[in-house]
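Shown next: coords_34.txt, given as compact mmCIF, C-alpha atoms.
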```
# COMPACT_ATOMS: atom_id res chain seq x y z
CA MET A 1 17.57 -12.27 -10.95
CA PRO A 2 16.18 -11.20 -7.55
CA SER A 3 14.01 -13.61 -5.67
CA ARG A 4 10.27 -13.01 -5.42
CA THR A 5 10.57 -12.20 -1.74
CA SER A 6 13.20 -9.50 -2.36
CA LEU A 7 11.10 -7.51 -4.82
CA PRO A 8 8.73 -5.88 -2.32
CA ARG A 9 11.68 -4.25 -0.57
CA ARG A 10 12.70 -2.21 -3.59
CA ARG A 11 12.43 1.54 -3.11
CA LEU A 12 12.18 2.51 -6.79
CA GLY A 13 15.48 4.33 -6.54
CA ARG A 14 13.93 7.12 -4.48
CA VAL A 15 16.52 7.16 -1.73
CA PRO A 16 19.08 9.99 -2.01
CA LEU A 17 22.55 8.75 -2.88
CA LEU A 18 24.39 9.78 0.26
CA PRO A 19 27.97 8.97 1.19
CA ALA A 20 28.26 5.97 3.48
CA ALA A 21 28.97 8.16 6.50
CA LEU A 22 25.61 9.89 6.10
CA ALA A 23 23.49 7.09 4.73
CA ALA A 24 23.02 5.48 8.12
CA THR A 25 21.43 8.65 9.50
CA LEU A 26 18.92 9.15 6.69
CA VAL A 27 15.30 8.16 7.04
CA THR A 28 14.39 7.22 3.50
CA GLY A 29 11.44 8.87 1.84
CA ALA A 30 9.79 9.22 -1.54
CA LEU A 31 10.51 11.53 -4.35
CA VAL A 32 7.23 11.30 -6.03
CA VAL A 33 5.58 14.71 -6.57
CA THR A 34 2.59 15.21 -8.82
CA GLY A 35 2.78 18.29 -10.94
CA LEU A 36 -0.27 20.01 -9.49
CA ASN A 37 0.00 18.78 -5.92
CA GLY A 38 -3.27 16.98 -6.07
CA GLU A 39 -5.39 19.72 -7.61
CA PRO A 40 -7.16 19.30 -10.98
CA ALA A 41 -4.97 20.53 -13.81
CA ALA A 42 -7.12 20.48 -16.94
CA SER A 43 -10.47 19.21 -18.08
CA ALA A 44 -10.87 15.54 -18.78
CA ALA A 45 -12.06 16.36 -22.26
CA ALA A 46 -8.88 18.21 -23.11
CA ALA A 47 -6.77 15.28 -22.05
CA GLY A 48 -8.38 12.37 -23.77
CA SER A 49 -8.47 13.64 -27.32
CA ALA A 50 -5.15 15.41 -27.84
CA PRO A 51 -2.90 13.44 -30.21
CA ALA A 52 0.72 12.86 -29.34
CA PRO A 53 2.98 15.41 -31.05
CA SER A 54 6.05 14.37 -32.99
CA ALA A 55 9.41 14.20 -31.26
CA SER A 56 10.67 17.18 -33.24
CA ARG A 57 7.70 19.25 -32.12
CA VAL A 58 8.14 18.32 -28.49
CA GLY A 59 11.86 19.17 -28.46
CA GLN A 60 14.53 18.10 -26.04
CA TRP A 61 15.10 18.48 -22.32
CA ARG A 62 17.70 21.10 -21.40
CA THR A 63 19.69 21.51 -18.21
CA THR A 64 19.11 24.63 -16.12
CA PRO A 65 21.96 25.65 -13.74
CA VAL A 66 21.31 25.23 -10.00
CA PRO A 67 23.14 26.87 -7.05
CA VAL A 68 24.16 23.54 -5.49
CA ALA A 69 27.47 22.04 -6.60
CA LYS A 70 27.17 18.70 -4.83
CA GLY A 71 24.20 16.97 -3.27
CA ASP A 72 20.76 15.90 -4.49
CA LEU A 73 17.47 17.50 -5.51
CA THR A 74 14.61 15.27 -4.44
CA ALA A 75 11.36 17.09 -5.27
CA ILE A 76 10.06 19.81 -7.57
CA ALA A 77 6.69 21.57 -7.99
CA ALA A 78 5.43 24.62 -9.87
CA LEU A 79 2.75 27.29 -9.61
CA GLY A 80 3.48 28.75 -13.06
CA ASP A 81 6.20 29.42 -15.59
CA LYS A 82 7.75 32.04 -13.29
CA GLN A 83 7.19 30.25 -9.98
CA ALA A 84 8.64 26.84 -9.19
CA TRP A 85 10.33 25.31 -6.18
CA ALA A 86 12.75 22.44 -5.64
CA VAL A 87 14.03 20.91 -2.41
CA GLY A 88 16.94 18.64 -1.62
CA TYR A 89 20.27 18.91 0.10
CA ARG A 90 23.76 20.31 -0.32
CA LEU A 91 26.67 18.09 0.65
CA LYS A 92 28.97 20.26 2.78
CA SER A 93 31.50 17.57 3.67
CA ALA A 94 31.79 13.80 3.86
CA THR A 95 29.74 13.86 7.06
CA ALA A 96 27.62 17.00 6.85
CA LEU A 97 24.82 18.29 4.66
CA GLU A 98 22.16 20.99 4.74
CA ALA A 99 18.63 20.82 3.39
CA VAL A 100 17.86 23.57 0.88
CA ALA A 101 14.90 25.07 -0.96
CA LEU A 102 15.44 26.54 -4.44
CA ARG A 103 13.14 28.91 -6.31
CA TRP A 104 12.68 29.52 -10.06
CA ASP A 105 11.75 33.08 -11.03
CA GLY A 106 11.26 32.50 -14.74
CA THR A 107 14.93 33.05 -15.53
CA SER A 108 17.11 31.17 -13.04
CA TRP A 109 17.19 28.98 -9.95
CA THR A 110 18.34 30.60 -6.70
CA GLN A 111 18.47 29.33 -3.15
CA GLU A 112 15.50 30.71 -1.24
CA SER A 113 16.25 29.17 2.15
CA THR A 114 17.67 26.33 4.17
CA LEU A 115 15.44 23.86 5.99
CA PRO A 116 15.67 22.69 9.62
CA GLU A 117 18.41 20.21 10.42
CA ASN A 118 17.66 16.53 9.78
CA SER A 119 14.55 17.32 7.72
CA PHE A 120 15.83 15.48 4.62
CA PRO A 121 13.02 16.75 2.32
CA GLN A 122 11.74 14.12 -0.10
CA ALA A 123 8.33 15.34 -1.30
CA LEU A 124 6.80 18.74 -1.91
CA ALA A 125 3.35 20.37 -2.05
CA VAL A 126 3.09 24.04 -3.06
CA ARG A 127 -0.26 25.78 -2.56
CA SER A 128 1.22 29.28 -2.79
CA ALA A 129 4.49 31.13 -2.24
CA THR A 130 3.57 31.37 1.46
CA ASP A 131 2.11 27.90 1.94
CA ILE A 132 4.52 25.07 1.15
CA TRP A 133 4.82 21.62 2.75
CA THR A 134 7.74 19.25 2.45
CA VAL A 135 8.11 15.87 4.14
CA GLY A 136 10.95 13.40 4.53
CA SER A 137 12.45 12.51 7.87
CA ALA A 138 10.38 15.42 9.20
CA SER A 139 7.29 17.41 8.30
CA VAL A 140 8.06 21.10 7.74
CA HIS A 141 6.00 24.07 6.53
CA TRP A 142 7.06 27.33 4.82
CA ASP A 143 4.96 30.44 5.53
CA GLY A 144 6.89 32.75 3.23
CA THR A 145 9.38 33.70 5.92
CA GLN A 146 10.53 30.60 7.73
CA TRP A 147 10.27 26.83 7.91
CA THR A 148 8.57 25.28 10.95
CA THR A 149 8.81 21.62 11.92
CA TYR A 150 5.65 19.81 13.00
CA GLN A 151 5.71 16.42 14.69
CA LEU A 152 3.77 13.63 13.01
CA ALA A 153 1.29 11.68 15.12
CA ARG A 154 2.33 8.40 16.71
CA ASP A 155 1.49 5.22 14.83
CA PRO A 156 1.22 1.72 16.37
CA GLY A 157 3.01 0.39 13.29
CA GLY A 158 6.19 2.16 14.35
CA ARG A 159 8.17 5.17 13.14
CA VAL A 160 6.27 7.05 10.41
CA VAL A 161 8.21 7.67 7.20
CA PRO A 162 6.22 9.98 4.89
CA ASP A 163 6.73 9.51 1.16
CA ALA A 164 4.40 12.12 -0.36
CA VAL A 165 2.31 15.14 0.57
CA THR A 166 -0.59 17.08 -0.92
CA THR A 167 -3.01 19.83 0.11
CA THR A 168 -6.76 20.26 -0.25
CA SER A 169 -8.97 23.29 -0.82
CA ASP A 170 -10.14 23.34 2.81
CA GLY A 171 -6.61 24.15 3.99
CA LYS A 172 -5.73 20.64 5.10
CA ALA A 173 -2.61 18.71 4.15
CA TRP A 174 -2.27 14.95 3.74
CA THR A 175 0.87 12.86 3.87
CA VAL A 176 1.26 9.17 3.02
CA GLY A 177 4.05 6.66 3.47
CA ARG A 178 4.69 3.82 5.83
CA ALA A 179 5.13 3.04 9.52
CA MET A 180 7.89 0.62 10.45
CA ASN A 181 9.73 -0.73 13.47
CA ARG A 182 12.84 -2.33 12.00
CA SER A 183 13.08 -2.26 8.21
CA VAL A 184 11.17 -1.44 5.03
CA LYS A 185 9.95 -5.02 4.61
CA ASP A 186 8.15 -4.78 7.97
CA GLY A 187 6.43 -1.51 7.10
CA VAL A 188 2.69 -0.97 6.86
CA PRO A 189 0.90 1.79 4.90
CA ALA A 190 0.38 5.02 6.86
CA ILE A 191 -1.63 8.20 6.21
CA GLN A 192 -1.88 11.35 8.31
CA SER A 193 -3.91 14.56 7.90
CA TRP A 194 -3.11 18.11 9.04
CA ASP A 195 -6.02 20.10 10.50
CA GLY A 196 -4.24 23.44 10.78
CA LYS A 197 -2.77 22.72 14.20
CA SER A 198 -1.47 19.15 14.27
CA TRP A 199 -1.14 15.88 12.36
CA HIS A 200 -3.62 13.06 12.95
CA ARG A 201 -3.21 9.38 12.14
CA GLN A 202 -5.79 7.92 9.76
CA THR A 203 -7.39 4.51 10.23
CA LEU A 204 -6.74 2.37 7.16
CA PRO A 205 -8.07 -0.98 5.95
CA ASP A 206 -5.79 -3.90 6.82
CA VAL A 207 -3.75 -4.59 3.69
CA GLY A 208 -0.84 -6.28 5.44
CA LYS A 209 2.72 -5.12 4.86
CA GLY A 210 3.25 -2.38 2.30
CA GLU A 211 3.79 1.30 1.65
CA LEU A 212 2.14 4.30 0.03
CA SER A 213 4.21 6.32 -2.43
CA SER A 214 1.91 9.05 -3.70
CA VAL A 215 -1.26 10.98 -2.89
CA THR A 216 -3.54 13.24 -4.93
CA ALA A 217 -6.66 15.22 -4.03
CA ILE A 218 -9.64 16.19 -6.15
CA ALA A 219 -11.59 17.59 -3.21
CA PRO A 220 -11.49 17.31 0.60
CA ASP A 221 -13.78 14.27 0.32
CA ASP A 222 -12.17 12.73 -2.77
CA ILE A 223 -8.52 11.70 -2.26
CA TRP A 224 -6.48 8.86 -3.74
CA ALA A 225 -3.33 7.25 -2.35
CA ALA A 226 -1.21 4.76 -4.31
CA GLY A 227 1.60 2.36 -3.48
CA THR A 228 2.36 -1.31 -2.98
CA ALA A 229 1.04 -4.20 -0.91
CA TYR A 230 3.95 -6.54 -0.26
CA ALA A 231 3.77 -10.24 -1.09
CA ALA A 232 2.36 -12.29 1.76
CA ASP A 233 4.76 -15.15 1.01
CA ALA A 234 7.29 -16.30 -1.56
CA SER A 235 4.62 -17.91 -3.73
CA SER A 236 2.46 -14.79 -4.18
CA PRO A 237 3.22 -11.54 -6.02
CA GLN A 238 3.23 -8.04 -4.60
CA THR A 239 0.28 -5.99 -5.81
CA ALA A 240 -0.51 -2.40 -6.67
CA LEU A 241 -2.24 -0.65 -3.80
CA LEU A 242 -4.97 1.97 -4.25
CA LEU A 243 -6.78 3.59 -1.33
CA HIS A 244 -9.63 6.13 -1.58
CA TRP A 245 -10.92 8.69 0.92
CA ASP A 246 -14.62 9.62 0.57
CA GLY A 247 -14.68 12.13 3.41
CA THR A 248 -15.54 9.50 5.99
CA ALA A 249 -13.25 6.50 5.61
CA TRP A 250 -10.36 5.07 3.61
CA LYS A 251 -11.25 2.08 1.45
CA ARG A 252 -9.10 -0.19 -0.69
CA ILE A 253 -9.96 -0.32 -4.38
CA THR A 254 -8.69 -3.22 -6.48
CA ALA A 255 -6.10 -2.22 -9.08
CA PRO A 256 -6.12 -4.08 -12.42
CA GLY A 257 -3.05 -5.76 -13.84
CA PRO A 258 -1.41 -9.08 -14.69
CA GLN A 259 -2.23 -11.50 -11.87
CA GLU A 260 1.09 -13.32 -12.02
CA SER A 261 3.25 -10.17 -12.07
CA HIS A 262 4.71 -8.07 -9.29
CA ASN A 263 2.93 -4.73 -9.68
CA TRP A 264 3.52 -1.48 -7.83
CA LEU A 265 2.51 2.17 -8.11
CA GLY A 266 4.89 5.09 -7.69
CA GLY A 267 2.73 8.08 -8.60
CA VAL A 268 -0.92 9.11 -8.82
CA THR A 269 -2.49 12.35 -10.11
CA ALA A 270 -6.15 13.33 -10.32
CA PHE A 271 -7.46 15.76 -12.93
CA ALA A 272 -11.14 15.30 -12.15
CA ALA A 273 -13.35 12.95 -10.16
CA ASP A 274 -13.64 10.74 -13.24
CA ASP A 275 -10.09 11.16 -14.53
CA VAL A 276 -7.27 9.81 -12.34
CA TRP A 277 -4.01 8.21 -13.50
CA ALA A 278 -1.64 6.06 -11.45
CA VAL A 279 1.71 4.81 -12.75
CA GLY A 280 4.46 2.47 -11.60
CA GLY A 281 6.07 -0.74 -12.75
CA SER A 282 5.38 -4.41 -13.36
CA THR A 283 7.84 -7.29 -13.19
CA SER A 284 7.31 -10.79 -14.56
CA GLY A 285 10.06 -13.37 -15.07
CA GLY A 286 12.70 -10.77 -14.22
CA ALA A 287 11.61 -8.38 -16.99
CA GLU A 288 10.44 -4.97 -15.83
CA ARG A 289 8.13 -2.67 -17.78
CA PRO A 290 5.99 0.43 -17.20
CA TYR A 291 2.60 -0.01 -15.57
CA ALA A 292 -0.26 2.51 -15.80
CA VAL A 293 -3.91 2.42 -14.73
CA HIS A 294 -6.78 4.89 -15.19
CA TRP A 295 -9.92 5.69 -13.16
CA ASN A 296 -12.97 6.87 -15.13
CA GLY A 297 -15.18 7.52 -12.13
CA THR A 298 -16.49 3.96 -12.06
CA ALA A 299 -13.60 1.54 -12.47
CA TRP A 300 -9.83 1.30 -12.83
CA THR A 301 -8.50 -0.13 -16.11
CA ALA A 302 -4.97 -0.94 -17.19
CA ALA A 303 -3.48 1.01 -20.11
CA LYS A 304 -1.15 -0.32 -22.79
CA THR A 305 2.49 0.61 -22.18
CA PRO A 306 5.60 0.04 -24.32
CA ASP A 307 8.27 -2.52 -23.48
CA VAL A 308 10.96 -0.30 -21.96
CA ALA A 309 13.89 -1.77 -20.07
CA ASP A 310 13.86 -0.50 -16.48
CA GLY A 311 10.80 1.53 -17.43
CA ARG A 312 9.39 1.97 -13.93
CA LEU A 313 7.33 5.16 -13.71
CA ARG A 314 7.34 7.58 -10.78
CA ALA A 315 4.97 10.43 -11.59
CA VAL A 316 2.28 11.45 -14.05
CA GLY A 317 0.99 14.89 -15.04
CA ARG A 318 -0.88 16.79 -17.74
CA THR A 319 0.20 20.01 -19.44
CA GLN A 320 -2.02 22.93 -20.36
CA ASN A 321 -2.21 21.78 -24.00
CA GLY A 322 -3.69 18.45 -22.87
CA GLN A 323 -0.60 16.29 -23.21
CA LEU A 324 -0.35 13.55 -20.60
CA TRP A 325 3.17 12.59 -19.49
CA ALA A 326 4.63 9.91 -17.22
CA VAL A 327 8.27 10.04 -16.14
CA GLY A 328 10.61 7.73 -14.25
CA GLY A 329 13.41 5.29 -14.90
CA LYS A 330 15.97 3.28 -13.00
CA GLY A 331 19.22 4.98 -12.10
CA ALA A 332 20.71 6.83 -15.07
CA ALA A 333 18.26 5.12 -17.45
CA SER A 334 15.53 7.76 -17.35
CA VAL A 335 12.30 7.25 -19.26
CA ALA A 336 9.40 9.44 -20.38
CA LEU A 337 6.11 8.28 -21.87
CA ARG A 338 3.42 10.34 -23.58
CA TRP A 339 -0.22 9.33 -23.88
CA ASN A 340 -1.40 8.71 -27.43
CA GLY A 341 -5.12 9.50 -27.25
CA PRO A 342 -6.18 8.23 -30.71
CA LYS A 343 -4.42 4.87 -30.15
CA LYS A 344 -5.25 4.72 -26.43
CA GLN A 345 -1.72 3.75 -25.46
CA TRP A 346 1.45 5.16 -23.95
CA ASP A 347 4.33 5.87 -26.35
CA THR A 348 7.98 6.53 -25.57
CA ALA A 349 9.15 10.14 -25.66
CA SER A 350 12.35 12.10 -25.11
CA PRO A 351 13.69 11.20 -21.62
CA PRO A 352 14.73 13.85 -19.04
CA GLY A 353 18.38 12.79 -19.19
CA LEU A 354 19.10 12.61 -15.46
CA VAL A 355 18.61 10.28 -12.51
CA VAL A 356 14.97 11.18 -11.90
CA ARG A 357 13.90 11.98 -8.35
CA SER A 358 10.85 14.08 -9.18
CA PHE A 359 8.81 15.46 -12.06
CA THR A 360 6.22 18.20 -12.44
CA THR A 361 4.05 19.83 -15.06
CA VAL A 362 3.59 23.62 -14.97
CA PRO A 363 0.08 25.09 -14.57
CA GLN A 364 -1.07 27.21 -17.54
CA SER A 365 1.92 25.98 -19.55
CA ALA A 366 3.07 23.10 -21.75
CA ASP A 367 6.44 22.99 -19.96
CA LEU A 368 7.83 20.13 -17.86
CA TRP A 369 10.46 19.98 -15.12
CA ALA A 370 12.47 17.01 -13.82
CA ALA A 371 14.82 17.09 -10.83
CA GLY A 372 17.47 14.72 -9.49
CA ILE A 373 21.16 14.20 -10.08
CA ALA A 374 23.22 14.18 -13.26
CA GLU A 375 23.79 10.91 -15.10
CA HIS A 376 27.54 11.48 -14.85
CA GLY A 377 29.63 12.78 -11.99
CA ASP A 378 29.53 12.34 -8.23
CA LEU A 379 26.27 13.62 -6.73
CA VAL A 380 25.83 16.54 -9.11
CA PRO A 381 22.34 18.04 -8.58
CA GLU A 382 20.47 18.73 -11.79
CA ILE A 383 17.16 20.13 -13.02
CA THR A 384 16.09 19.71 -16.63
CA GLN A 385 13.29 21.48 -18.46
CA LEU A 386 11.28 20.60 -21.54
CA LYS A 387 9.64 23.59 -23.22
CA GLY A 388 6.26 22.71 -24.67
```
Could you write out this file's structure as structure tokens?
Amino acid sequence: MPSRTSLPRRRLGRVPLLPAALAATLVTGALVVTGLNGEPAASAAAAGSAPAPSASRVGQWRTTPVPVAKGDLTAIAALGDKQAWAVGYRLKSATALEAVALRWDGTSWTQESTLPENSFPQALAVRSATDIWTVGSASVHWDGTQWTTYQLARDPGGRVVPDAVTTTSDGKAWTVGRAMNRSVKDGVPAIQSWDGKSWHRQTLPDVGKGELSSVTAIAPDDIWAAGTAYAADASSPQTALLLHWDGTAWKRITAPGPQESHNWLGGVTAFAADDVWAVGGSTSGGAERPYAVHWNGTAWTAAKTPDVADGRLRAVGRTQNGQLWAVGGKGAASVALRWNGPKKQWDTASPPGLVVRSFTTVPQSADLWAAGIAEHGDLVPEITQLKG
């Protein structure tokens, strides 16, 4: 069983599985992508009352072929049932890879482009087919014709490693992650905003060591970021971290949860100002289970989750028919949960069947996508789809 001090350094399995020759060059990032890139997906009323359908009605995840034989797909996002994008990398040799962007046209996945060298895309925000952001070891933007790299602002905490990205209706982009000098355990939460010309560092409340794994926007003055505040010492647990932007300043909001457990958040998605979900994991006595909290506009409350081995959650989203899903897992043990409105609890559902890097819902659809690598084989990229 890992020691208490080792738990904060876990990366939730989000780091691409590179060969040893390449691993040393990779700046690790997140793979958490909310299905709607921070924009409201459905009304709060539609979400709270819909009962969970039976497993037979939901169906099973199916694999869709991708034009990458070896590598990793780290993020996926959709604009509709005929427009979706995925980013990742193709392994060209034991020491070389190229970053790629794939596009779904309603029938198949094709490679749309390659990304700049050393960009290592890990998170994705799609506003339109001509306005796409991806972040990883670099921040790059797609204008429909080409990818352009933009330098992140300097941070006194050290090198900035973005883990997630979203956009807002005023044309801005926001990226969250951590700034670090030596290693993950020395990192501090970091947030930057794009004003149309350059990235700017945000002043954050002092939460000590930690990281931010996900970001979601309701409006330009209503943004949530979620992650983890590392344990201050061996006798204290790490805690879930929630930060809120009100248009003027970032403030920390206390996340509920077992006081004696190690809690962390891997994904957050807002559907309205009074309807925000954040998901992650909780560990107590060596046993890990899913962790989920909900914001009703006034307070965060913890939701009941099933006991699932290695049930850490990475992303949460809502389909057009009002079904709320959370997806994650540890390694090849993928997990999917579905919100049971009448019982006010999360229930287990059919898992994506791959090593989950990213998950997305599809606007105006009941479909789901998950991206990552196959459970079997050596770095076989895979995307699975669940038809609603």
Task: Selected residue of minimal separation from Val188 of chain A among A:Leu241, A:Thr166, A:Ala217, A:Thr74, counting all atoms listed in the file - done: A:Leu241
TODO: Anything within 9 Å of (11.4, 13.4, -23.7): list those residues as a ChimeraX atom specification, counting all atoms listed in the file and sticking to the file's coordinates.
DONE: /A:55,58-61,327,335-338,348-353,386
Can I get the selection written as an mmCIF file, in the coordinates of the input, with C-alpha atoms?
```cif
data_model
loop_
_atom_site.group_PDB
_atom_site.id
_atom_site.type_symbol
_atom_site.label_atom_id
_atom_site.label_comp_id
_atom_site.auth_asym_id
_atom_site.auth_seq_id
_atom_site.Cartn_x
_atom_site.Cartn_y
_atom_site.Cartn_z
ATOM 1 C CA ALA A 55 9.410 14.200 -31.260
ATOM 2 C CA VAL A 58 8.140 18.320 -28.490
ATOM 3 C CA GLY A 59 11.860 19.170 -28.460
ATOM 4 C CA GLN A 60 14.530 18.100 -26.040
ATOM 5 C CA TRP A 61 15.100 18.480 -22.320
ATOM 6 C CA VAL A 327 8.270 10.040 -16.140
ATOM 7 C CA VAL A 335 12.300 7.250 -19.260
ATOM 8 C CA ALA A 336 9.400 9.440 -20.380
ATOM 9 C CA LEU A 337 6.110 8.280 -21.870
ATOM 10 C CA ARG A 338 3.420 10.340 -23.580
ATOM 11 C CA THR A 348 7.980 6.530 -25.570
ATOM 12 C CA ALA A 349 9.150 10.140 -25.660
ATOM 13 C CA SER A 350 12.350 12.100 -25.110
ATOM 14 C CA PRO A 351 13.690 11.200 -21.620
ATOM 15 C CA PRO A 352 14.730 13.850 -19.040
ATOM 16 C CA GLY A 353 18.380 12.790 -19.190
ATOM 17 C CA LEU A 386 11.280 20.600 -21.540
#
```
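The interatomic distance for the pair atom CA of Gln122 of chain A and atom CA of Ala86 of chain A works out to 10.0 Å.
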Task: Selected residue, from A:Ala99, A:Gly266, A:Thr360, A:Asp222, that lies nearest to Asp246 of chain A when counting only C-alpha atoms - done: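 Checking each candidate against Asp246 of chain A, we get A:Asp222 as the closest.
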Task: Residues near Thr110 of chain A, cut-off 9 Å, only C-alpha atoms, skip fewer than 3 positions along chain, as a PyMOL selection string - done: chain A and resi 66-67+101-105
Task: Residue neighbourhood Trp147 of chain A, 10 Å, all atoms listed in the file, exclusion window fewer than 5 positions, as a PyMOL selection string - done: chain A and resi 113-116+132-134+139-142
Task: Minimum-distance residue to Gly80 of chain A, chosen among A:Val362, A:Pro121, A:Ser284, A:Gly377 (using only C-alpha atoms) - done: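 Answer, going by the shortest atom-to-atom distance: A:Val362.
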Task: Test item: residues at most 10 Å from Gly388 of chain A, only C-alpha atoms, excluding those fewer than 3 positions along its chain, as a PyMOL selection string - done: chain A and resi 57-60+319-321+323+365-368+385
- [ ] Measure the distance from atom CA of Val87 of chain A to atom CA of Ala153 of chain A in Å and round it to one decimal.
- [x]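 Going from atom CA of Val87 of chain A over to atom CA of Ala153 of chain A covers 23.6 Å.
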Task: Point (6.8, 8.7, -15.6), cut-off 12 Å, counting all atoms listed in the file, residues as an MDAnalysis selection string - done: chainID A and resid 32:35 265:269 277:281 289:292 305 308 310:318 324:330 334:339 346:352 356:361 368:370
Taking C-alpha atoms for each residue, export the selection above as an mmCIF file, in the coordinates of the input.
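selection06.cif, written as the output of this step:
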```cif
data_model
loop_
_atom_site.group_PDB
_atom_site.id
_atom_site.type_symbol
_atom_site.label_atom_id
_atom_site.label_comp_id
_atom_site.auth_asym_id
_atom_site.auth_seq_id
_atom_site.Cartn_x
_atom_site.Cartn_y
_atom_site.Cartn_z
ATOM 1 C CA VAL A 32 7.230 11.300 -6.030
ATOM 2 C CA VAL A 33 5.580 14.710 -6.570
ATOM 3 C CA THR A 34 2.590 15.210 -8.820
ATOM 4 C CA GLY A 35 2.780 18.290 -10.940
ATOM 5 C CA LEU A 265 2.510 2.170 -8.110
ATOM 6 C CA GLY A 266 4.890 5.090 -7.690
ATOM 7 C CA GLY A 267 2.730 8.080 -8.600
ATOM 8 C CA VAL A 268 -0.920 9.110 -8.820
ATOM 9 C CA THR A 269 -2.490 12.350 -10.110
ATOM 10 C CA TRP A 277 -4.010 8.210 -13.500
ATOM 11 C CA ALA A 278 -1.640 6.060 -11.450
ATOM 12 C CA VAL A 279 1.710 4.810 -12.750
ATOM 13 C CA GLY A 280 4.460 2.470 -11.600
ATOM 14 C CA GLY A 281 6.070 -0.740 -12.750
ATOM 15 C CA ARG A 289 8.130 -2.670 -17.780
ATOM 16 C CA PRO A 290 5.990 0.430 -17.200
ATOM 17 C CA TYR A 291 2.600 -0.010 -15.570
ATOM 18 C CA ALA A 292 -0.260 2.510 -15.800
ATOM 19 C CA THR A 305 2.490 0.610 -22.180
ATOM 20 C CA VAL A 308 10.960 -0.300 -21.960
ATOM 21 C CA ASP A 310 13.860 -0.500 -16.480
ATOM 22 C CA GLY A 311 10.800 1.530 -17.430
ATOM 23 C CA ARG A 312 9.390 1.970 -13.930
ATOM 24 C CA LEU A 313 7.330 5.160 -13.710
ATOM 25 C CA ARG A 314 7.340 7.580 -10.780
ATOM 26 C CA ALA A 315 4.970 10.430 -11.590
ATOM 27 C CA VAL A 316 2.280 11.450 -14.050
ATOM 28 C CA GLY A 317 0.990 14.890 -15.040
ATOM 29 C CA ARG A 318 -0.880 16.790 -17.740
ATOM 30 C CA LEU A 324 -0.350 13.550 -20.600
ATOM 31 C CA TRP A 325 3.170 12.590 -19.490
ATOM 32 C CA ALA A 326 4.630 9.910 -17.220
ATOM 33 C CA VAL A 327 8.270 10.040 -16.140
ATOM 34 C CA GLY A 328 10.610 7.730 -14.250
ATOM 35 C CA GLY A 329 13.410 5.290 -14.900
ATOM 36 C CA LYS A 330 15.970 3.280 -13.000
ATOM 37 C CA SER A 334 15.530 7.760 -17.350
ATOM 38 C CA VAL A 335 12.300 7.250 -19.260
ATOM 39 C CA ALA A 336 9.400 9.440 -20.380
ATOM 40 C CA LEU A 337 6.110 8.280 -21.870
ATOM 41 C CA ARG A 338 3.420 10.340 -23.580
ATOM 42 C CA TRP A 339 -0.220 9.330 -23.880
ATOM 43 C CA TRP A 346 1.450 5.160 -23.950
ATOM 44 C CA ASP A 347 4.330 5.870 -26.350
ATOM 45 C CA THR A 348 7.980 6.530 -25.570
ATOM 46 C CA ALA A 349 9.150 10.140 -25.660
ATOM 47 C CA SER A 350 12.350 12.100 -25.110
ATOM 48 C CA PRO A 351 13.690 11.200 -21.620
ATOM 49 C CA PRO A 352 14.730 13.850 -19.040
ATOM 50 C CA VAL A 356 14.970 11.180 -11.900
ATOM 51 C CA ARG A 357 13.900 11.980 -8.350
ATOM 52 C CA SER A 358 10.850 14.080 -9.180
ATOM 53 C CA PHE A 359 8.810 15.460 -12.060
ATOM 54 C CA THR A 360 6.220 18.200 -12.440
ATOM 55 C CA THR A 361 4.050 19.830 -15.060
ATOM 56 C CA LEU A 368 7.830 20.130 -17.860
ATOM 57 C CA TRP A 369 10.460 19.980 -15.120
ATOM 58 C CA ALA A 370 12.470 17.010 -13.820
#
```
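Taking atom CA of Val276 of chain A as the reference point, atom CA of Trp245 of chain A is found at 13.8 Å.
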- [ ] Find the residues around Gly144 of chain A up to 10 Å (all atoms listed in the file counted), leave out those fewer than 4 positions away in its own chain, and share them as number ranges by chain.
- [x] A: 112, 128-132
Task: Nearest residue to Gly297 of chain A from the set A:Val161, A:Trp250, A:Ile218, A:Glu260 (distances using all atoms listed in the file) - done: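 Residue with the minimum atom-to-atom distance to Gly297 of chain A: A:Ile218.
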- [ ] Give the answer as one residue: which of A:Leu242, A:Pro258, A:Val100, A:Lys172 has the shortest atom-to-atom distance to Asp221 of chain A, using all atoms listed in the file?
- [x]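 Nearest to Asp221 of chain A: A:Lys172.
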Task: Selected residue, from A:Gly372, A:Gly187, A:Gly322, A:Gly177, that lies nearest to Gly157 of chain A when counting all atoms listed in the file - done: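 Smallest separation from Gly157 of chain A among the options: A:Gly187.
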Contacts of His262 of chain A at 7 Å or less, counting all atoms listed in the file, minus same-chain residues fewer than 4 places along, as a PDB file with C-alpha atoms, keeping the file's coordinate frame?
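Output saved as out-v6.pdb:
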```pdb
ATOM      1  CA  PRO A 237       3.220 -11.540  -6.020  1.00  0.00           C
ATOM      2  CA  GLN A 238       3.230  -8.040  -4.600  1.00  0.00           C
ATOM      3  CA  THR A 239       0.280  -5.990  -5.810  1.00  0.00           C
ATOM      4  CA  SER A 282       5.380  -4.410 -13.360  1.00  0.00           C
ATOM      5  CA  THR A 283       7.840  -7.290 -13.190  1.00  0.00           C
ATOM      6  CA  SER A 284       7.310 -10.790 -14.560  1.00  0.00           C
TER       7      SER A 284
END
```
